[in-house]
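**Student:** So here's protein12.tsv (TSV, C-alpha atoms and all ligand atoms).
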chain	number	residue	atom	x	y	z
A	1	MET	CA	113.09	34.99	8.75
A	2	LEU	CA	112.11	31.38	8.11
A	3	LEU	CA	114.80	29.31	6.41
A	4	ASP	CA	113.70	26.40	4.26
A	5	ILE	CA	115.45	23.39	5.82
A	6	SER	CA	112.88	20.77	4.86
A	7	ASN	CA	114.12	17.17	4.70
A	8	HIS	CA	117.66	18.08	5.73
A	9	TYR	CA	117.38	17.67	9.48
A	10	ARG	CA	115.76	15.25	11.95
A	11	TYR	CA	115.12	17.39	14.98
A	12	ILE	CA	114.61	20.88	13.60
A	13	ARG	CA	112.25	22.11	10.93
A	14	LYS	CA	110.92	25.32	9.46
A	15	LEU	CA	108.22	26.89	11.66
A	16	ARG	CA	104.70	27.25	10.29
A	17	ASP	CA	102.12	29.82	11.30
A	18	SER	CA	100.00	26.90	12.60
A	19	ASP	CA	102.76	26.35	15.22
A	20	LEU	CA	102.09	29.71	16.90
A	21	PRO	CA	99.30	28.45	19.25
A	22	PHE	CA	101.70	25.82	20.63
A	23	ILE	CA	104.43	28.41	21.17
A	24	VAL	CA	101.89	30.66	22.93
A	25	SER	CA	100.73	27.80	25.18
A	26	TRP	CA	104.33	26.96	26.21
A	27	ASP	CA	104.79	30.64	27.07
A	28	GLN	CA	102.03	30.22	29.67
A	29	ASP	CA	103.88	27.40	31.46
A	30	ASP	CA	105.66	28.90	34.47
A	31	GLU	CA	108.20	26.09	34.72
A	32	VAL	CA	109.27	26.49	31.10
A	33	THR	CA	109.43	30.27	31.26
A	34	PHE	CA	111.26	30.24	34.60
A	35	TRP	CA	114.23	28.89	32.64
A	36	SER	CA	113.70	30.42	29.22
A	37	GLY	CA	112.01	33.75	29.98
A	38	LYS	CA	108.69	34.93	28.58
A	39	LYS	CA	108.28	35.71	24.89
A	40	PHE	CA	105.01	37.55	24.92
A	41	GLU	CA	103.66	38.96	28.18
A	42	GLY	CA	105.74	41.73	29.67
A	43	ASN	CA	107.57	42.71	26.51
A	44	GLY	CA	104.67	44.62	24.97
A	45	LEU	CA	104.39	42.33	21.94
A	46	THR	CA	101.17	40.71	20.83
A	47	ASN	CA	101.46	37.12	19.61
A	48	ALA	CA	100.80	38.28	16.07
A	49	ALA	CA	103.44	41.02	16.28
A	50	TRP	CA	105.99	38.55	17.64
A	51	TRP	CA	105.26	36.15	14.76
A	52	HIS	CA	105.35	38.92	12.16
A	53	ASP	CA	108.75	40.06	13.40
A	54	LEU	CA	110.08	36.50	13.49
A	55	VAL	CA	109.14	35.77	9.88
A	56	THR	CA	110.20	39.14	8.44
A	57	ASN	CA	113.19	40.26	10.49
A	58	PRO	CA	116.45	39.38	8.68
A	59	LEU	CA	118.29	39.32	12.02
A	60	ARG	CA	116.20	36.40	13.34
A	61	ILE	CA	115.75	32.83	12.10
A	62	GLY	CA	113.16	30.68	13.85
A	63	PHE	CA	112.99	26.88	13.97
A	64	GLY	CA	110.62	24.24	15.27
A	65	ILE	CA	111.99	21.33	17.32
A	66	GLN	CA	110.38	18.01	16.58
A	67	THR	CA	110.53	14.38	17.62
A	68	MET	CA	111.67	11.67	15.23
A	69	THR	CA	108.00	11.23	14.27
A	70	GLY	CA	107.54	14.91	13.46
A	71	VAL	CA	105.67	16.05	16.59
A	72	LEU	CA	106.46	19.68	17.46
A	73	ILE	CA	107.87	19.88	21.01
A	74	GLY	CA	109.65	23.23	21.12
A	75	ASP	CA	111.14	26.13	19.26
A	76	ALA	CA	114.51	27.75	18.82
A	77	GLU	CA	116.02	30.77	17.21
A	78	LEU	CA	119.21	32.27	15.91
A	79	GLU	CA	118.71	35.90	16.85
A	80	HIS	CA	120.66	39.16	16.94
A	81	ILE	CA	122.37	37.93	13.80
A	82	ALA	CA	125.35	40.16	13.04
A	83	TRP	CA	125.84	39.26	9.41
A	84	ARG	CA	129.02	41.32	9.00
A	85	ASN	CA	130.70	39.80	12.08
A	86	GLY	CA	129.28	36.35	11.38
A	87	GLU	CA	127.75	35.74	14.78
A	88	ALA	CA	124.37	35.18	16.37
A	89	GLU	CA	122.77	34.33	19.69
A	90	LEU	CA	121.03	30.99	20.19
A	91	ARG	CA	117.78	30.62	22.11
A	92	ILE	CA	116.03	27.29	22.60
A	93	SER	CA	113.05	26.02	24.55
A	94	ILE	CA	111.39	22.63	24.60
A	95	GLY	CA	107.87	23.48	25.71
A	96	GLU	CA	106.66	19.88	26.00
A	97	LYS	CA	108.26	19.04	29.36
A	98	ALA	CA	107.67	15.29	28.99
A	99	HIS	CA	110.38	15.45	26.33
A	100	TRP	CA	113.06	17.02	28.51
A	101	ASN	CA	116.17	14.92	29.20
A	102	GLN	CA	115.71	12.66	26.19
A	103	GLY	CA	118.44	14.14	24.04
A	104	TYR	CA	116.18	16.28	21.83
A	105	GLY	CA	117.68	19.55	23.01
A	106	SER	CA	121.31	18.65	22.39
A	107	GLU	CA	120.50	17.02	19.04
A	108	ALA	CA	118.48	20.05	17.94
A	109	ILE	CA	121.34	22.35	19.02
A	110	ARG	CA	123.83	20.30	16.97
A	111	GLU	CA	121.58	20.67	13.93
A	112	LEU	CA	121.14	24.40	14.55
A	113	LEU	CA	124.91	24.76	14.62
A	114	HIS	CA	125.08	22.92	11.31
A	115	VAL	CA	122.65	25.47	9.85
A	116	ALA	CA	124.61	28.33	11.41
A	117	TYR	CA	128.00	27.24	10.10
A	118	GLU	CA	127.34	25.17	6.97
A	119	ARG	CA	124.21	26.80	5.59
A	120	ILE	CA	124.50	30.49	6.46
A	121	GLY	CA	128.21	30.86	7.10
A	122	LEU	CA	128.35	32.18	10.65
A	123	GLN	CA	131.63	31.98	12.59
A	124	ARG	CA	130.34	32.09	16.18
A	125	VAL	CA	127.15	31.23	18.03
A	126	TYR	CA	126.83	32.38	21.64
A	127	LEU	CA	124.17	32.14	24.31
A	128	ARG	CA	123.29	33.21	27.82
A	129	VAL	CA	121.99	30.73	30.38
A	130	LYS	CA	121.11	30.97	34.08
A	131	LYS	CA	124.01	29.62	36.10
A	132	ASP	CA	121.79	27.04	37.85
A	133	ASN	CA	120.14	25.76	34.65
A	134	TYR	CA	122.28	22.62	34.83
A	135	ARG	CA	120.21	20.68	32.30
A	136	ALA	CA	120.57	23.39	29.68
A	137	ILE	CA	124.29	23.86	30.38
A	138	ARG	CA	124.86	20.13	30.02
A	139	ALA	CA	122.88	20.05	26.75
A	140	TYR	CA	124.92	22.99	25.41
A	141	GLU	CA	128.19	21.34	26.43
A	142	LYS	CA	127.16	18.10	24.73
A	143	ALA	CA	126.68	20.12	21.54
A	144	GLY	CA	130.15	21.65	21.90
A	145	PHE	CA	129.51	24.98	23.62
A	146	LYS	CA	132.11	26.17	26.11
A	147	LYS	CA	131.70	28.51	29.08
A	148	VAL	CA	133.58	31.73	28.40
A	149	GLY	CA	132.42	34.05	31.19
A	150	MET	CA	129.72	35.36	33.46
A	151	LEU	CA	127.25	38.18	32.90
A	152	CYS	CA	125.49	40.12	35.62
A	153	ALA	CA	121.72	39.94	35.74
A	154	THR	CA	119.35	42.82	35.16
A	155	GLY	CA	116.03	43.13	37.01
A	156	HIS	CA	115.67	42.08	40.65
A	157	LEU	CA	119.05	40.30	40.69
A	158	LYS	CA	120.73	43.31	39.06
A	159	GLY	CA	124.49	43.29	39.41
A	160	LYS	CA	124.80	39.62	40.45
A	161	PRO	CA	126.72	37.28	38.16
A	162	GLU	CA	123.77	35.02	37.42
A	163	LEU	CA	124.23	34.25	33.74
A	164	VAL	CA	126.80	32.03	32.07
A	165	LEU	CA	128.01	33.16	28.67
A	166	MET	CA	128.78	30.23	26.35
A	167	GLU	CA	130.07	30.11	22.80
A	168	SER	CA	130.62	27.72	19.93
A	169	LEU	CA	133.07	28.55	17.16
A	170	ALA	CA	132.80	27.38	13.57
A	171	HIS	CA	136.37	26.12	13.33
A	172	GLN	CA	136.02	24.06	16.52
A	173	TYR	CA	132.73	22.65	15.25
A	174	ALA	CA	134.40	21.69	11.96
A	175	ALA	CA	137.25	19.99	13.84
A	176	VAL	CA	134.81	17.92	15.92
A	177	ARG	CA	132.92	16.85	12.78
A	178	ALA	CA	136.09	15.97	10.87
B	201	LIG	C1	117.38	23.20	28.02
B	201	LIG	C2	116.73	22.21	27.07
B	201	LIG	C3	116.65	22.82	25.66
B	201	LIG	C4	117.64	20.96	27.00
B	201	LIG	O1	117.04	20.02	26.17
B	201	LIG	P1	116.89	18.50	26.68
B	201	LIG	O2	116.38	17.72	25.55
B	201	LIG	O3	116.10	18.50	27.94
B	201	LIG	O4	118.41	18.14	27.01
B	201	LIG	P2	119.24	16.82	26.66
B	201	LIG	O5	118.41	15.63	27.03
B	201	LIG	O6	119.78	16.90	25.30
B	201	LIG	O7	120.46	16.97	27.68
B	201	LIG	C5	120.23	17.24	29.05
B	201	LIG	C6	121.41	16.76	29.86
B	201	LIG	O8	121.36	17.40	31.13
B	201	LIG	C7	121.41	16.41	32.14
B	201	LIG	N1	120.71	16.94	33.30
B	201	LIG	C8	119.40	17.06	33.51
B	201	LIG	N2	119.16	17.63	34.70
B	201	LIG	C9	120.38	17.89	35.24
B	201	LIG	C10	120.83	18.47	36.46
B	201	LIG	N3	119.96	18.92	37.38
B	201	LIG	N4	122.16	18.57	36.68
B	201	LIG	C11	123.05	18.13	35.77
B	201	LIG	N5	122.70	17.57	34.58
B	201	LIG	C12	121.38	17.45	34.34
B	201	LIG	C13	120.75	15.20	31.50
B	201	LIG	O9	121.06	14.01	32.20
B	201	LIG	C14	121.38	15.28	30.11
B	201	LIG	O10	122.74	14.87	30.12
B	201	LIG	P3	123.22	13.39	29.68
B	201	LIG	O11	122.68	13.15	28.30
B	201	LIG	O12	124.70	13.46	29.76
B	201	LIG	O13	122.60	12.43	30.68
B	201	LIG	C15	115.30	21.81	27.56
B	201	LIG	O14	115.41	21.04	28.75
B	201	LIG	C16	114.43	23.01	27.81
B	201	LIG	O15	113.93	23.59	26.87
B	201	LIG	N6	114.27	23.42	29.08
B	201	LIG	C17	113.41	24.54	29.46
B	201	LIG	C18	113.80	25.88	28.87
B	201	LIG	C19	115.29	26.18	28.98
B	201	LIG	O16	115.93	25.92	29.98
B	201	LIG	N7	115.83	26.74	27.89
B	201	LIG	C20	117.22	27.15	27.85
B	201	LIG	C21	117.34	28.55	28.35
B	201	LIG	S1	119.02	29.14	28.24
Just dump the structure as structure tokens.
Ligand SMILES: CC(C)(COP(=O)(O)OP(=O)(O)OC[C@H]1O[C@@H](n2cnc3c(N)ncnc32)[C@H](O)[C@@H]1OP(=O)(O)O)[C@@H](O)C(=O)NCCC(=O)NCCS

**Tutor:**
Amino acid sequence: MLLDISNHYRYIRKLRDSDLPFIVSWDQDDEVTFWSGKKFEGNGLTNAAWWHDLVTNPLRIGFGIQTMTGVLIGDAELEHIAWRNGEAELRISIGEKAHWNQGYGSEAIRELLHVAYERIGLQRVYLRVKKDNYRAIRAYEKAGFKKVGMLCATGHLKGKPELVLMESLAHQYAAVRA
């Protein structure tokens, strides 16, 4: 699903189908996907099928991440949206690596949380992050996420507690903004 958020936010915007080639190119960057995982190869989805699902699936909302001058540098998503429980999982990736560590990630996450809580009425946003992804963990903490536990990996590290589970709650977010 693509939510119309035009002119409301600085660092996030509605995705356009013309953004797909950029998202595909970032998915071919091993350093980016080492941290964020691959979207396309390995999961059996063609690029077109991935895009079609993103724009039609009511349990997913995709966003572009942009600089102050409107240059697309990454993408993000609220996914696995459980409308009845009011929760969703956050995924974010800045594909343009030259823009890492400049505050775009944490600002974009803050704006995504505003969408989640103020625009669509969720109560909780959670995420999973590799335990040694210190940059991402710091960006999430700056945006108000807290570590709440560990999850064991699947795949070749199966059974090892490699993933940090973090959450942000609507009432805590409201208190910080007040
Ligand atoms: C994770 C990501 C979204 C963060 O966005 P960003 O714009 O780079 O992050 P920010 O600049 O807002 O914040 C990064 C913080 O981490 C800090 N940091 C960077 N490397 C660090 C390290 N090795 N150890 C500790 N802190 C580190 C930065 O100094 C900054 O903190 P500060 O503002 O207090 O100085 C982005 O880097 C990215 O997309 N990375 C690749 C994919 C990825 O990891 N996605 C998340 C998967 S869960």

**Student:** Can you list, as JSON, numbers by chain, every protein, DNA or RNA residue that comes within 9 Å of range 53-66 of chain A when you count all atoms listed in the file, leaving out same-chain residues fewer than 6 positions away?

**Tutor:** {"A": [1, 2, 3, 10, 11, 12, 13, 14, 15, 16, 19, 72, 73, 74, 75, 76, 77, 78, 79, 80, 81, 82, 83, 88, 92, 93, 94, 104, 105, 108, 112]}

**Student:** Which protein, DNA or RNA residues have an atom within 8 Å of ligand LIG 201 (chain B), counting all atoms listed in the file, as a PyMOL selection string?

**Tutor:** chain A and resi 31-37+74+91-95+97+99-107+127-130+133-140+142

**Student:** Do you have the CA of Ala48 in chain A-CA of Ser25 in chain A distance handy?

**Tutor:**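 A separation of 13.9 Å between them.
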
**Student:** Could you work out how far CA of Ile120 in chain A lies from CA of Glu141 in chain A, giving the answer in Å with one decimal?

**Tutor:**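 About the pair CA of Glu141 in chain A and CA of Ile120 in chain A: they are 22.3 Å apart.
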
**Student:** For Gln123 in chain A, which residue among A:His171, A:Lys38, A:His52, A:Arg177 is the nearest when counting all atoms listed in the file?

**Tutor:** A:His171

**Student:** With distances taken over all atoms listed in the file, which residue among A:Leu169, A:Val71, A:Leu20, A:Cys152 lies nearest Lys39 in chain A?

**Tutor:**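 Smallest distance to Lys39 in chain A is found for A:Leu20.
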
**Student:** What is the distance between CA of Gly86 in chain A and CA of Gly121 in chain A, in Å to one decimal?

**Tutor:**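 Computed distance, CA of Gly86 in chain A to CA of Gly121 in chain A, equals 7.0 Å.
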
**Student:** Using only C-alpha atoms, find the one residue out of A:Leu165, A:Gly155, A:Met68, A:Asp17 that sits nearest to Asn47 in chain A.

**Tutor:**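 So, comparing all the options, the nearest one is A:Asp17.
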
**Student:** Some atoms are missing, so please complete range 15-36 of chain A with N, CA and C atoms and return it as a compact mmCIF listing (two decimals), in the coordinates of the input.

**Tutor:**
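What follows is the written file out_36.txt:
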# COMPACT_ATOMS: atom_id res chain seq x y z
N LEU A 15 109.47 26.63 10.95
CA LEU A 15 108.22 26.89 11.66
C LEU A 15 107.11 27.21 10.68
N ARG A 16 105.87 26.90 11.09
CA ARG A 16 104.70 27.25 10.29
C ARG A 16 103.80 28.13 11.14
N ASP A 17 102.96 28.94 10.47
CA ASP A 17 102.12 29.82 11.30
C ASP A 17 101.16 29.01 12.17
N SER A 18 100.87 27.76 11.77
CA SER A 18 100.00 26.90 12.60
C SER A 18 100.71 26.46 13.88
N ASP A 19 102.02 26.70 14.00
CA ASP A 19 102.76 26.35 15.22
C ASP A 19 102.57 27.40 16.32
N LEU A 20 102.14 28.61 15.94
CA LEU A 20 102.09 29.71 16.90
C LEU A 20 101.26 29.39 18.16
N PRO A 21 100.06 28.76 18.02
CA PRO A 21 99.30 28.45 19.25
C PRO A 21 100.07 27.57 20.23
N PHE A 22 100.91 26.66 19.74
CA PHE A 22 101.70 25.82 20.63
C PHE A 22 102.76 26.67 21.34
N ILE A 23 103.40 27.55 20.58
CA ILE A 23 104.43 28.41 21.17
C ILE A 23 103.80 29.31 22.23
N VAL A 24 102.60 29.81 21.96
CA VAL A 24 101.89 30.66 22.93
C VAL A 24 101.56 29.85 24.19
N SER A 25 101.11 28.60 24.00
CA SER A 25 100.73 27.80 25.18
C SER A 25 101.97 27.49 26.04
N TRP A 26 103.11 27.21 25.42
CA TRP A 26 104.33 26.96 26.21
C TRP A 26 104.74 28.21 26.99
N ASP A 27 104.43 29.38 26.42
CA ASP A 27 104.79 30.64 27.07
C ASP A 27 103.93 30.88 28.31
N GLN A 28 102.89 30.08 28.49
CA GLN A 28 102.03 30.22 29.67
C GLN A 28 102.39 29.20 30.74
N ASP A 29 103.44 28.42 30.50
CA ASP A 29 103.88 27.40 31.46
C ASP A 29 105.00 28.00 32.31
N ASP A 30 104.70 28.20 33.60
CA ASP A 30 105.66 28.90 34.47
C ASP A 30 106.99 28.16 34.61
N GLU A 31 106.95 26.83 34.55
CA GLU A 31 108.20 26.09 34.72
C GLU A 31 109.10 26.27 33.50
N VAL A 32 108.49 26.27 32.33
CA VAL A 32 109.27 26.49 31.10
C VAL A 32 109.84 27.90 31.09
N THR A 33 108.98 28.88 31.39
CA THR A 33 109.43 30.27 31.26
C THR A 33 110.34 30.69 32.41
N PHE A 34 110.29 29.94 33.53
CA PHE A 34 111.26 30.24 34.60
C PHE A 34 112.68 30.13 34.04
N TRP A 35 112.89 29.12 33.19
CA TRP A 35 114.23 28.89 32.64
C TRP A 35 114.48 29.70 31.36
N SER A 36 113.44 29.83 30.54
CA SER A 36 113.70 30.42 29.22
C SER A 36 113.28 31.88 29.10
